[in-house]
file run02.cif (mmCIF, C-alpha atoms)
data_my_file
loop_
_atom_site.label_atom_id
_atom_site.label_comp_id
_atom_site.auth_asym_id
_atom_site.auth_seq_id
_atom_site.Cartn_x
_atom_site.Cartn_y
_atom_site.Cartn_z
CA MET A 1421 80.59 65.85 -105.98
CA ASN A 1422 78.07 64.43 -103.54
CA ILE A 1423 80.05 63.89 -100.34
CA LEU A 1424 78.85 62.03 -97.26
CA TYR A 1425 80.80 63.38 -94.30
CA LEU A 1426 80.84 61.60 -90.92
CA CYS A 1427 82.46 62.91 -87.74
CA HIS A 1428 82.36 61.93 -84.07
CA ARG A 1429 81.29 65.31 -82.64
CA PHE A 1430 78.73 67.52 -84.29
CA PRO A 1431 80.96 70.09 -85.97
CA PHE A 1432 79.10 73.26 -85.12
CA PRO A 1433 79.76 75.60 -83.46
CA PRO A 1434 83.51 74.98 -83.92
CA LYS A 1435 84.50 75.83 -80.36
CA ARG A 1436 86.62 72.82 -79.44
CA GLY A 1437 89.33 70.70 -81.01
CA GLY A 1438 87.11 67.81 -82.11
CA LYS A 1439 84.83 70.22 -83.98
CA ILE A 1440 87.22 72.78 -85.47
CA ARG A 1441 88.96 70.48 -87.97
CA PRO A 1442 85.81 68.87 -89.46
CA PHE A 1443 83.96 72.19 -89.62
CA ASN A 1444 86.72 73.80 -91.67
CA MET A 1445 86.77 70.85 -94.05
CA ILE A 1446 83.01 70.95 -94.49
CA ARG A 1447 82.99 74.70 -95.02
CA HIS A 1448 85.79 74.51 -97.59
CA LEU A 1449 84.28 71.62 -99.54
CA SER A 1450 80.89 73.32 -99.68
CA ALA A 1451 82.43 76.62 -100.76
CA SER A 1452 84.24 74.70 -103.52
CA GLY A 1453 80.89 73.65 -104.99
CA HIS A 1454 80.49 70.18 -103.50
CA GLN A 1455 77.22 68.95 -101.97
CA VAL A 1456 78.23 67.89 -98.46
CA THR A 1457 75.85 65.98 -96.20
CA VAL A 1458 77.01 65.83 -92.59
CA CYS A 1459 76.27 62.96 -90.19
CA SER A 1460 77.24 63.13 -86.53
CA LEU A 1461 76.08 62.87 -82.93
CA ALA A 1462 74.33 65.35 -80.66
CA ARG A 1463 74.72 64.59 -76.95
CA SER A 1464 72.17 67.03 -75.57
CA PRO A 1465 69.20 69.11 -76.76
CA GLU A 1466 71.43 72.18 -76.41
CA GLU A 1467 74.12 70.69 -78.64
CA ALA A 1468 71.49 69.68 -81.18
CA GLU A 1469 70.01 73.18 -81.23
CA GLU A 1470 73.41 74.82 -81.60
CA GLY A 1471 74.41 72.28 -84.23
CA ARG A 1472 71.62 73.33 -86.56
CA GLY A 1473 73.68 76.43 -87.21
CA ILE A 1474 75.76 74.36 -89.63
CA ALA A 1475 72.97 74.57 -92.23
CA PRO A 1476 74.53 77.45 -94.26
CA TYR A 1477 77.78 75.48 -94.60
CA CYS A 1478 76.47 72.20 -96.04
CA ALA A 1479 73.79 70.71 -98.27
CA GLY A 1480 72.17 68.86 -95.37
CA PHE A 1481 72.81 67.14 -92.08
CA GLU A 1482 71.62 64.25 -89.95
CA MET A 1483 71.97 63.90 -86.19
CA GLY A 1484 72.02 60.86 -84.00
CA HIS A 1485 70.62 62.01 -80.65
CA VAL A 1486 72.29 60.19 -77.77
CA LYS A 1487 72.30 60.35 -73.98
CA GLU A 1488 75.51 60.26 -72.01
CA LEU A 1489 74.46 57.46 -69.64
CA VAL A 1490 73.40 55.25 -72.54
CA GLN A 1491 76.68 55.87 -74.37
CA VAL A 1492 78.67 55.06 -71.25
CA ALA A 1493 76.71 51.81 -70.95
CA ARG A 1494 77.52 50.99 -74.59
CA MET A 1495 81.15 51.62 -73.78
CA ILE A 1496 81.12 49.44 -70.66
CA VAL A 1497 79.56 46.39 -72.36
CA ARG A 1498 82.46 46.43 -74.81
CA LEU A 1499 85.11 46.36 -72.10
CA PRO A 1500 85.62 42.56 -72.20
CA VAL A 1501 85.27 42.14 -75.99
CA VAL A 1502 87.55 42.92 -78.92
CA THR A 1503 85.51 45.92 -80.13
CA PRO A 1504 87.00 49.11 -78.67
CA SER A 1505 84.89 50.76 -76.00
CA SER A 1506 85.48 54.04 -77.84
CA MET A 1507 83.39 52.74 -80.70
CA GLY A 1508 80.58 51.91 -78.31
CA TYR A 1509 80.71 55.43 -76.95
CA PHE A 1510 80.30 56.88 -80.45
CA TYR A 1511 77.68 54.40 -81.69
CA SER A 1512 74.07 55.43 -82.22
CA PRO A 1513 71.40 53.17 -83.78
CA GLU A 1514 69.63 56.33 -84.93
CA LEU A 1515 72.71 57.64 -86.71
CA ALA A 1516 73.38 54.21 -88.22
CA GLU A 1517 69.84 54.23 -89.62
CA HIS A 1518 70.33 57.73 -91.06
CA VAL A 1519 73.58 56.68 -92.73
CA GLN A 1520 72.07 53.53 -94.22
CA ARG A 1521 69.11 55.50 -95.57
CA LEU A 1522 71.40 58.07 -97.14
CA LEU A 1523 73.62 55.40 -98.70
CA GLY A 1524 70.59 53.84 -100.36
CA SER A 1525 68.90 57.06 -101.41
CA ARG A 1526 71.40 58.57 -103.83
CA LYS A 1527 74.71 58.16 -105.62
CA TRP A 1528 77.71 59.28 -103.57
CA ASP A 1529 81.01 60.32 -105.10
CA LEU A 1530 82.95 60.23 -101.82
CA ILE A 1531 82.59 59.19 -98.20
CA PHE A 1532 84.84 61.18 -95.88
CA VAL A 1533 85.18 60.12 -92.24
CA HIS A 1534 86.83 62.16 -89.51
CA CYS A 1535 87.88 60.04 -86.50
CA SER A 1536 88.22 56.28 -86.46
CA SER A 1537 85.45 55.83 -83.89
CA VAL A 1538 82.77 56.63 -86.48
CA ALA A 1539 84.32 54.68 -89.34
CA GLN A 1540 82.18 51.77 -88.12
CA TYR A 1541 79.12 53.29 -89.82
CA VAL A 1542 80.59 52.91 -93.33
CA GLU A 1543 83.44 50.40 -93.09
CA HIS A 1544 81.27 47.86 -94.94
CA VAL A 1545 80.79 50.13 -97.97
CA THR A 1546 82.82 49.02 -101.01
CA ASP A 1547 81.20 50.81 -103.95
CA VAL A 1548 82.09 54.41 -103.02
CA PRO A 1549 85.55 55.98 -102.59
CA LYS A 1550 86.32 56.35 -98.87
CA ILE A 1551 88.84 58.48 -97.01
CA LEU A 1552 89.47 58.14 -93.27
CA ASP A 1553 90.99 61.09 -91.46
CA PHE A 1554 92.21 59.52 -88.24
CA GLY A 1555 93.24 62.96 -87.00
CA ASP A 1556 95.09 61.53 -84.02
CA MET A 1557 95.94 57.87 -83.58
CA ASP A 1558 93.64 57.23 -80.62
CA SER A 1559 95.25 53.94 -79.62
CA GLN A 1560 98.45 55.78 -78.73
CA LYS A 1561 96.51 58.18 -76.54
CA TRP A 1562 95.09 55.28 -74.51
CA PHE A 1563 98.58 53.83 -74.11
CA GLU A 1564 99.77 57.21 -72.80
CA TYR A 1565 96.84 57.44 -70.37
CA ALA A 1566 97.91 54.08 -68.94
CA ASN A 1567 101.19 55.63 -67.83
CA TYR A 1568 99.36 58.17 -65.67
CA LYS A 1569 96.55 56.05 -64.23
CA PRO A 1570 96.78 53.80 -61.15
CA PHE A 1571 96.31 50.04 -61.34
CA PRO A 1572 93.86 48.53 -62.33
CA LEU A 1573 92.76 51.52 -64.45
CA SER A 1574 96.14 51.48 -66.17
CA LEU A 1575 95.49 47.89 -67.26
CA GLY A 1576 92.12 48.89 -68.68
CA TYR A 1577 93.62 51.72 -70.70
CA ARG A 1578 96.33 49.44 -72.08
CA PHE A 1579 93.68 46.90 -73.10
CA GLU A 1580 91.66 49.63 -74.80
CA GLY A 1581 94.79 50.84 -76.55
CA ALA A 1582 95.50 47.35 -77.85
CA LYS A 1583 91.92 46.95 -79.08
CA MET A 1584 91.99 50.36 -80.74
CA LEU A 1585 95.34 49.64 -82.38
CA ALA A 1586 93.93 46.48 -83.96
CA ALA A 1587 90.86 48.42 -85.13
CA GLU A 1588 92.98 51.21 -86.61
CA LYS A 1589 95.00 48.71 -88.61
CA ARG A 1590 91.85 46.99 -89.85
CA LEU A 1591 90.16 50.23 -90.82
CA ALA A 1592 93.24 51.55 -92.62
CA ARG A 1593 93.02 48.58 -94.99
CA GLN A 1594 89.32 49.21 -95.68
CA PHE A 1595 89.67 52.82 -96.84
CA ASP A 1596 91.17 54.14 -100.06
CA LEU A 1597 93.35 56.66 -98.28
CA CYS A 1598 94.00 57.50 -94.62
CA THR A 1599 95.23 60.76 -93.14
CA ALA A 1600 96.47 62.25 -89.87
CA THR A 1601 96.77 65.73 -88.39
CA THR A 1602 100.55 65.98 -88.01
CA ARG A 1603 103.66 64.50 -89.55
CA ALA A 1604 104.32 62.63 -86.27
CA GLU A 1605 100.85 61.04 -86.28
CA TRP A 1606 101.30 60.19 -89.97
CA GLU A 1607 104.59 58.45 -89.20
CA THR A 1608 102.84 56.46 -86.47
CA LEU A 1609 100.16 55.43 -88.97
CA ASN A 1610 102.83 54.37 -91.47
CA ASP A 1611 104.58 52.35 -88.77
CA TYR A 1612 101.47 50.11 -88.71
CA GLN A 1613 102.62 48.79 -92.12
CA THR A 1614 99.08 48.15 -93.34
CA GLY A 1615 99.88 48.87 -96.97
CA ALA A 1616 97.31 51.67 -96.98
CA ASP A 1617 97.99 54.89 -98.87
CA THR A 1618 98.47 57.64 -96.27
CA ASP A 1619 99.12 61.36 -95.96
CA TRP A 1620 98.67 64.21 -93.51
CA PHE A 1621 97.35 67.76 -93.54
CA PRO A 1622 97.66 70.18 -90.63
CA ASN A 1623 95.08 71.93 -88.55
CA GLY A 1624 94.82 75.61 -89.28
CA VAL A 1625 93.83 78.61 -87.25
CA ASP A 1626 91.44 81.44 -88.06
CA ALA A 1627 94.06 84.19 -87.96
CA ASP A 1628 91.46 86.90 -88.56
CA PHE A 1629 89.45 85.88 -85.49
CA PHE A 1630 92.49 85.03 -83.38
CA CYS A 1631 94.43 88.20 -84.09
CA PRO A 1632 96.50 90.64 -82.02
CA VAL A 1633 94.89 93.80 -80.64
CA ASP A 1634 96.43 97.12 -79.75
CA GLU A 1635 95.91 96.73 -76.02
CA SER A 1636 98.30 96.33 -73.13
CA TYR A 1637 98.93 93.05 -71.37
CA ASP A 1638 99.71 92.28 -67.73
CA ALA A 1639 103.35 91.28 -67.41
CA ASP A 1640 102.54 89.47 -64.17
CA THR A 1641 99.81 87.24 -65.67
CA ILE A 1642 100.17 83.93 -67.46
CA SER A 1643 97.30 81.80 -68.74
CA PHE A 1644 96.26 78.28 -69.61
CA ILE A 1645 93.28 77.69 -71.90
CA GLY A 1646 91.44 74.40 -72.37
CA ARG A 1647 88.42 72.35 -71.44
CA MET A 1648 88.94 71.37 -67.82
CA ASP A 1649 86.92 68.16 -68.02
CA TYR A 1650 89.56 66.77 -70.40
CA TYR A 1651 92.03 64.58 -68.53
CA PRO A 1652 95.28 65.75 -70.21
CA ASN A 1653 94.40 69.38 -69.32
CA HIS A 1654 93.43 68.35 -65.79
CA GLU A 1655 96.60 66.34 -65.26
CA CYS A 1656 99.05 68.89 -66.61
CA MET A 1657 97.65 71.82 -64.65
CA ALA A 1658 97.55 69.87 -61.40
CA ARG A 1659 101.22 68.99 -61.92
CA PHE A 1660 102.14 72.52 -63.04
CA CYS A 1661 100.54 74.08 -59.98
CA GLU A 1662 102.21 71.59 -57.67
CA GLN A 1663 105.72 71.67 -59.13
CA THR A 1664 106.26 74.80 -61.21
CA TRP A 1665 103.99 77.43 -59.70
CA PRO A 1666 105.90 77.62 -56.37
CA LEU A 1667 109.13 78.24 -58.30
CA LEU A 1668 107.52 81.09 -60.22
CA LYS A 1669 105.95 82.68 -57.13
CA SER A 1670 109.29 82.61 -55.34
CA ARG A 1671 110.94 84.50 -58.18
CA ARG A 1672 108.04 86.85 -58.97
CA PRO A 1673 105.59 87.06 -56.02
CA ALA A 1674 103.08 89.19 -57.93
CA MET A 1675 102.63 86.59 -60.67
CA LYS A 1676 99.10 85.40 -61.45
CA LEU A 1677 97.87 82.29 -63.27
CA LEU A 1678 94.53 82.13 -65.09
CA ILE A 1679 93.16 78.64 -65.76
CA VAL A 1680 90.41 79.27 -68.31
CA GLY A 1681 88.11 76.53 -69.55
CA ALA A 1682 84.71 74.93 -69.26
CA ASP A 1683 83.60 72.34 -66.71
CA PRO A 1684 86.45 72.31 -64.20
CA SER A 1685 86.19 69.41 -61.75
CA PRO A 1686 86.14 70.05 -57.98
CA ALA A 1687 89.85 69.20 -57.92
CA MET A 1688 90.52 71.79 -60.62
CA ARG A 1689 88.44 74.43 -58.84
CA LYS A 1690 90.47 73.77 -55.71
CA LEU A 1691 93.57 74.97 -57.56
CA GLY A 1692 91.98 78.40 -57.29
CA ASP A 1693 92.79 78.33 -53.57
CA LEU A 1694 96.50 78.63 -54.38
CA PRO A 1695 98.01 82.11 -54.11
CA GLY A 1696 97.65 83.95 -57.40
CA VAL A 1697 95.68 81.21 -59.19
CA THR A 1698 92.21 81.85 -60.67
CA VAL A 1699 90.03 79.10 -62.16
CA THR A 1700 87.40 80.83 -64.28
CA GLY A 1701 85.23 78.01 -65.54
CA SER A 1702 83.41 78.61 -68.82
CA VAL A 1703 83.80 82.04 -70.39
CA PRO A 1704 82.04 83.49 -73.45
CA ASP A 1705 85.29 84.36 -75.19
CA VAL A 1706 88.78 83.15 -74.31
CA ARG A 1707 90.58 85.75 -76.40
CA PRO A 1708 90.66 88.58 -73.82
CA PHE A 1709 92.20 86.22 -71.25
CA ILE A 1710 94.96 85.14 -73.61
CA ARG A 1711 95.65 88.60 -75.01
CA GLY A 1712 95.84 90.08 -71.53
CA SER A 1713 98.54 87.58 -70.52
CA ALA A 1714 102.28 87.86 -70.86
CA LEU A 1715 102.23 84.33 -72.25
CA MET A 1716 100.24 81.14 -72.42
CA VAL A 1717 101.51 77.87 -70.96
CA ALA A 1718 100.68 74.48 -72.45
CA PRO A 1719 102.62 72.07 -70.22
CA LEU A 1720 100.85 68.97 -71.47
CA ASN A 1721 102.29 65.59 -70.58
CA ILE A 1722 99.71 63.71 -72.67
CA ALA A 1723 99.20 65.12 -76.16
CA ARG A 1724 98.39 63.70 -79.57
CA GLY A 1725 98.02 65.69 -82.76
CA THR A 1726 97.77 69.47 -82.73
CA GLN A 1727 96.85 71.52 -79.68
CA ASN A 1728 94.62 74.22 -81.16
CA LYS A 1729 95.13 76.36 -78.07
CA ILE A 1730 98.78 76.79 -79.06
CA LEU A 1731 97.90 77.85 -82.61
CA GLU A 1732 95.33 80.32 -81.34
CA ALA A 1733 97.64 81.98 -78.82
CA MET A 1734 100.45 82.30 -81.33
CA ALA A 1735 98.05 83.73 -83.91
CA MET A 1736 97.09 86.39 -81.36
CA GLY A 1737 100.72 87.33 -80.89
CA VAL A 1738 100.93 85.83 -77.41
CA PRO A 1739 104.09 83.78 -76.71
CA VAL A 1740 103.71 80.14 -75.73
CA VAL A 1741 105.75 77.94 -73.41
CA THR A 1742 104.89 74.30 -74.04
CA SER A 1743 106.09 70.74 -73.59
CA THR A 1744 108.07 68.83 -76.17
CA ILE A 1745 105.22 66.41 -76.82
CA ALA A 1746 102.69 69.22 -77.41
CA ALA A 1747 105.19 71.16 -79.52
CA GLY A 1748 105.41 68.18 -81.87
CA GLY A 1749 101.94 68.96 -83.22
CA VAL A 1750 102.87 72.50 -84.27
CA ASP A 1751 104.79 73.31 -87.42
CA ALA A 1752 107.10 75.79 -85.71
CA GLU A 1753 110.59 75.88 -84.25
CA SER A 1754 111.57 76.05 -80.60
CA VAL A 1755 113.30 79.27 -79.53
CA THR A 1756 112.43 80.95 -82.82
CA HIS A 1757 108.63 80.78 -82.56
CA PHE A 1758 107.89 79.48 -79.06
CA LEU A 1759 109.72 78.06 -76.06
CA VAL A 1760 109.79 74.40 -75.09
CA ALA A 1761 110.37 72.89 -71.64
CA ASP A 1762 109.80 69.58 -69.89
CA THR A 1763 110.81 69.99 -66.24
CA PRO A 1764 109.50 72.36 -63.54
CA GLN A 1765 112.76 74.29 -63.50
CA ALA A 1766 112.89 74.54 -67.28
CA TYR A 1767 109.29 75.79 -67.37
CA ALA A 1768 110.05 78.39 -64.72
CA ASP A 1769 113.18 79.57 -66.55
CA ALA A 1770 111.38 79.84 -69.90
CA ILE A 1771 108.44 81.71 -68.41
CA MET A 1772 110.69 84.13 -66.54
CA GLN A 1773 112.67 84.74 -69.71
CA ILE A 1774 109.51 86.12 -71.30
CA VAL A 1775 107.95 88.01 -68.40
CA ASP A 1776 111.24 89.65 -67.45
CA SER A 1777 112.03 90.83 -70.97
CA PRO A 1778 109.55 92.79 -73.11
CA ALA A 1779 111.99 92.46 -76.01
CA VAL A 1780 111.92 88.66 -75.86
CA ARG A 1781 108.14 88.72 -75.61
CA ASP A 1782 107.82 91.04 -78.61
CA ARG A 1783 110.17 88.87 -80.69
CA LEU A 1784 108.24 85.69 -79.96
CA ALA A 1785 104.90 87.43 -80.45
CA VAL A 1786 105.80 88.61 -83.96
CA ALA A 1787 107.55 85.40 -85.01
CA GLY A 1788 104.77 83.18 -83.66
CA ARG A 1789 102.03 85.10 -85.48
CA GLN A 1790 103.96 85.05 -88.75
CA ARG A 1791 104.52 81.30 -88.45
CA MET A 1792 100.80 80.73 -88.02
CA LEU A 1793 100.06 82.80 -91.11
CA SER A 1794 102.62 80.91 -93.19
CA HIS A 1795 102.27 77.34 -91.90
CA HIS A 1796 98.91 76.96 -90.13
CA ALA A 1797 96.47 78.86 -92.34
CA TRP A 1798 93.34 76.88 -93.23
CA PRO A 1799 93.50 77.76 -96.98
CA ARG A 1800 96.96 76.22 -97.21
CA SER A 1801 95.81 73.09 -95.38
CA MET A 1802 92.75 72.78 -97.61
CA VAL A 1803 94.92 72.78 -100.73
CA ARG A 1804 96.60 69.66 -99.30
CA LEU A 1805 93.15 68.20 -98.59
CA GLU A 1806 92.06 68.69 -102.19
CA GLY A 1807 95.06 66.74 -103.43
CA ILE A 1808 94.38 64.00 -100.89
CA ILE A 1809 90.78 63.66 -102.06
CA ASP A 1810 91.89 63.37 -105.69
CA ARG A 1811 94.36 60.63 -104.70
CA GLY A 1812 91.77 58.73 -102.69
CA ILE A 1813 89.32 58.71 -105.59
CA ALA A 1814 92.08 57.66 -108.00
CA ASN A 1815 93.04 54.81 -105.63
CA PHE A 1816 89.44 53.60 -105.61
CA SER A 1817 89.25 53.72 -109.39
CA ARG A 1818 92.43 51.69 -109.73
CA LYS A 1819 91.11 49.04 -107.35
CA LYS A 1820 87.89 48.83 -109.33
CA GLY A 1821 89.70 48.88 -112.65
CA THR A 1822 87.87 52.00 -113.81
CA VAL A 1823 89.07 55.30 -115.19
CA THR A 1824 88.16 58.60 -113.51
#

call {"tool": "encode", "arguments": {"input": "run02.cif", "output": "structure tokens"}}
result
Amino acid sequence: MNILYLCHRFPFPPKRGGKIRPFNMIRHLSASGHQVTVCSLARSPEEAEEGRGIAPYCAGFEMGHVKELVQVARMIVRLPVVTPSSMGYFYSPELAEHVQRLLGSRKWDLIFVHCSSVAQYVEHVTDVPKILDFGDMDSQKWFEYANYKPFPLSLGYRFEGAKMLAAEKRLARQFDLCTATTRAEWETLNDYQTGADTDWFPNGVDADFFCPVDESYDADTISFIGRMDYYPNHECMARFCEQTWPLLKSRRPAMKLLIVGADPSPAMRKLGDLPGVTVTGSVPDVRPFIRGSALMVAPLNIARGTQNKILEAMAMGVPVVTSTIAAGGVDAESVTHFLVADTPQAYADAIMQIVDSPAVRDRLAVAGRQRMLSHHAWPRSMVRLEGIIDRGIANFSRKKGTVT
């Protein structure tokens, strides 16, 4: 098949959540013999240069080159109108031109879109089967942000959430099948009652790359991994350091916390002034930091979909202590595969349970890795994707009254 694939972040190199899922889809579809043409945005010359590395994994690609200040301006002008600001942020006239040229230049068997914010480029197309992978339901994320932002920002986030919710419902009706990353996100999508055919398929983890090593770990070190310019990461670590870290230091004075991730804000860097806390900034490879830790924490208060950091740590045989909301994106069971907490005291108790007991750590390490191999392997997820694509094309054919 000739497949036109659109995504909101250029999917190479697959180093962050918004790139990992689309890259693995593109790689799988190409390896299965399909001709995949990728269309996405590059936000800097560096990202564009790195992105060209996707060439071996697809038949071709087109980039819309954008500048951050211009995209922010496009977002701002949409604040008072019904179009979500998110769609302004991910709009590029150059990319729109590329997409229109491609649509007119050849016959396409499928249009696949990852992320609702770029569905705008093809929502008008009616003569090609279309599948929209929402991934996460972004409207719900904006509603959650509103609970953590002061007035009047909270009002702005609620307005954006309402606009995005209306757009998600509209888009769901315009595609032949819509998907989400987790069962919980899928249930949210179904709650919209749009009449659209829906399904879900999970994120996977590269269990060969994120694998255990035969090296010792520091029983006094715990870690957090994630981009530190991302508000949910910023918010949860500020709260963790304020409320939970003192409890841990009082019980185990030698304990150390590594906060590992690119682009920490000044407020995040200031957390490094706390006793035992290190804020690393960008690192070439996060794996040594995770593997050298007794456990990884993921105390997120705002979380939609799957937190890839949790999958990666568990695949490396490193136990995870996470929040209930973040745990909901992982196909694993609390206590058996990881530990779940939601209050400072509960976090402290769960963490101490692991650092104080090598046997508990070993049990969680083995069980977590096995769960990733059995439930979050990309090949298994891609089998679900293949069935979803077949259904989407069949839905299109039924609507058109044709036989595939």

call {"tool": "residues_near_point", "arguments": {"input": "run02.cif", "point": "(81.9, 57.2, -92.3)", "cutoff": "9 Å", "atoms": "only C-alpha atoms", "output": "list in words"}}
result
Leu1424, Tyr1425, Leu1426, Cys1427, Cys1459, Val1519, Ile1531, Phe1532, Val1533, His1534, Cys1535, Ser1536, Val1538, Ala1539, Gln1540, Tyr1541, Val1542, Glu1543, Lys1550, Ile1551 and Leu1552 of chain A

call {"tool": "residues_around", "arguments": {"input": "run02.cif", "residues": "Trp1606 (chain A)", "least_positions_apart": "2", "cutoff": "12 Å", "atoms": "all atoms listed in the file", "output": "list in words"}}
result
Asp1553, Phe1554, Gly1555, Asp1556, Met1557, Cys1598, Thr1599, Ala1600, Thr1601, Thr1602, Arg1603, Ala1604, Thr1608, Leu1609, Asn1610, Asp1611, Tyr1612, Gln1613, Ala1616, Asp1617, Thr1618, Asp1619, Trp1620, Phe1621, Pro1622, Arg1724, Gly1725 and Gly1749 of chain A

call {"tool": "atom_distance", "arguments": {"input": "run02.cif", "atom1": "CA of Ser1537 (chain A)", "atom2": "CA of Pro1570 (chain A)"}}
result
25.5 Å

call {"tool": "resolve_selection", "arguments": {"input": "run02.cif", "expression": "the PyMOL selection byres ((chain A and resi 1756) around 9)", "output": "list in words"}}
result
Ala1752, Glu1753, Ser1754, Val1755, His1757, Phe1758, Leu1759, Arg1783, Leu1784, Ala1787 and Gly1788 of chain A

call {"tool": "resolve_selection", "arguments": {"input": "run02.cif", "expression": "the PyMOL selection byres ((chain A and resi 1677) around 8)", "output": "list in words"}}
result
Thr1641, Ile1642, Ser1643, Phe1644, Met1675, Lys1676, Leu1678, Ile1679, Gly1696, Val1697 and Thr1698 of chain A

call {"tool": "resolve_selection", "arguments": {"input": "run02.cif", "expression": "the PyMOL selection byres ((chain A and resi 1494-1499) around 9)", "output": "PDB file with C-alpha atoms, keeping the file's coordinate frame"}}
result
ATOM      1  CA  LEU A1489      74.460  57.460 -69.640  1.00  0.00           C
ATOM      2  CA  VAL A1490      73.400  55.250 -72.540  1.00  0.00           C
ATOM      3  CA  GLN A1491      76.680  55.870 -74.370  1.00  0.00           C
ATOM      4  CA  VAL A1492      78.670  55.060 -71.250  1.00  0.00           C
ATOM      5  CA  ALA A1493      76.710  51.810 -70.950  1.00  0.00           C
ATOM      6  CA  PRO A1500      85.620  42.560 -72.200  1.00  0.00           C
ATOM      7  CA  VAL A1501      85.270  42.140 -75.990  1.00  0.00           C
ATOM      8  CA  VAL A1502      87.550  42.920 -78.920  1.00  0.00           C
ATOM      9  CA  THR A1503      85.510  45.920 -80.130  1.00  0.00           C
ATOM     10  CA  PRO A1504      87.000  49.110 -78.670  1.00  0.00           C
ATOM     11  CA  SER A1505      84.890  50.760 -76.000  1.00  0.00           C
ATOM     12  CA  SER A1506      85.480  54.040 -77.840  1.00  0.00           C
ATOM     13  CA  MET A1507      83.390  52.740 -80.700  1.00  0.00           C
ATOM     14  CA  GLY A1508      80.580  51.910 -78.310  1.00  0.00           C
ATOM     15  CA  TYR A1509      80.710  55.430 -76.950  1.00  0.00           C
ATOM     16  CA  PHE A1510      80.300  56.880 -80.450  1.00  0.00           C
ATOM     17  CA  TYR A1511      77.680  54.400 -81.690  1.00  0.00           C
ATOM     18  CA  GLY A1576      92.120  48.890 -68.680  1.00  0.00           C
ATOM     19  CA  PHE A1579      93.680  46.900 -73.100  1.00  0.00           C
ATOM     20  CA  GLU A1580      91.660  49.630 -74.800  1.00  0.00           C
TER      21      GLU A1580
END

call {"tool": "residues_around", "arguments": {"input": "run02.cif", "residues": "Pro1799 (chain A)", "least_positions_apart": "5", "cutoff": "9 Å", "atoms": "all atoms listed in the file", "output": "NGL selection string"}}
result
:A and (1448 or 1624 or 1804)

call {"tool": "atom_distance", "arguments": {"input": "run02.cif", "atom1": "CA of His1454 (chain A)", "atom2": "CA of Asn1422 (chain A)"}}
result
6.2 Å

call {"tool": "closest_residue", "arguments": {"input": "run02.cif", "among": "A:Asn1623, A:Ser1574, A:Thr1457, A:Ser1817", "to": "Trp1798 (chain A)", "atoms": "all atoms listed in the file"}}
result
A:Asn1623

call {"tool": "atom_distance", "arguments": {"input": "run02.cif", "atom1": "CA of Val1803 (chain A)", "atom2": "CA of Met1421 (chain A)"}}
result
16.8 Å

call {"tool": "residues_near_point", "arguments": {"input": "run02.cif", "point": "(100.8, 64.8, -77.3)", "cutoff": "6 Å", "atoms": "only C-alpha atoms", "output": "list in words"}}
result
Ile1722, Ala1723, Arg1724, Ile1745 and Ala1746 of chain A

call {"tool": "closest_residue", "arguments": {"input": "run02.cif", "among": "A:Pro1666, A:Val1545, A:Lys1729, A:Ser1559", "to": "Ala1768 (chain A)", "atoms": "all atoms listed in the file"}}
result
A:Pro1666

call {"tool": "residues_around", "arguments": {"input": "run02.cif", "residues": "Asn1653 (chain A)", "least_positions_apart": "6", "cutoff": "8 Å", "atoms": "only C-alpha atoms", "output": "PyMOL selection string"}}
result
chain A and resi 1646-1647+1720

call {"tool": "residues_around", "arguments": {"input": "run02.cif", "residues": "Asp1558 (chain A)", "least_positions_apart": "5", "cutoff": "8 Å", "atoms": "all atoms listed in the file", "output": "PDB file with C-alpha atoms, in the frame of the given file"}}
result
ATOM      1  CA  GLY A1581      94.790  50.840 -76.550  1.00  0.00           C
ATOM      2  CA  MET A1584      91.990  50.360 -80.740  1.00  0.00           C
ATOM      3  CA  LEU A1585      95.340  49.640 -82.380  1.00  0.00           C
TER       4      LEU A1585
END

call {"tool": "residues_around", "arguments": {"input": "run02.cif", "residues": "Thr1614 (chain A)", "least_positions_apart": "4", "cutoff": "7 Å", "atoms": "only C-alpha atoms", "output": "PyMOL selection string"}}
result
chain A and resi 1589+1592-1593

call {"tool": "closest_residue", "arguments": {"input": "run02.cif", "among": "A:Lys1561, A:Lys1583, A:Lys1439, A:Arg1781", "to": "Ser1713 (chain A)", "atoms": "only C-alpha atoms"}}
result
A:Arg1781

call {"tool": "closest_residue", "arguments": {"input": "run02.cif", "among": "A:Lys1487, A:Glu1588, A:Phe1432, A:Ser1512", "to": "Gly1473 (chain A)", "atoms": "only C-alpha atoms"}}
result
A:Phe1432

call {"tool": "closest_residue", "arguments": {"input": "run02.cif", "among": "A:Arg1672, A:His1795, A:Arg1711, A:Arg1463", "to": "Asp1751 (chain A)", "atoms": "only C-alpha atoms"}}
result
A:His1795

call {"tool": "axis_aligned_box", "arguments": {"input": "run02.cif", "around": "region 1536-1554 of chain A", "padding_each_side": "4 Å", "output": "AutoDock Vina command-line options"}}
result
--center_x 85.7 --center_y 54.5 --center_z -93.9 --size_x 21.1 --size_y 21.2 --size_z 28.1
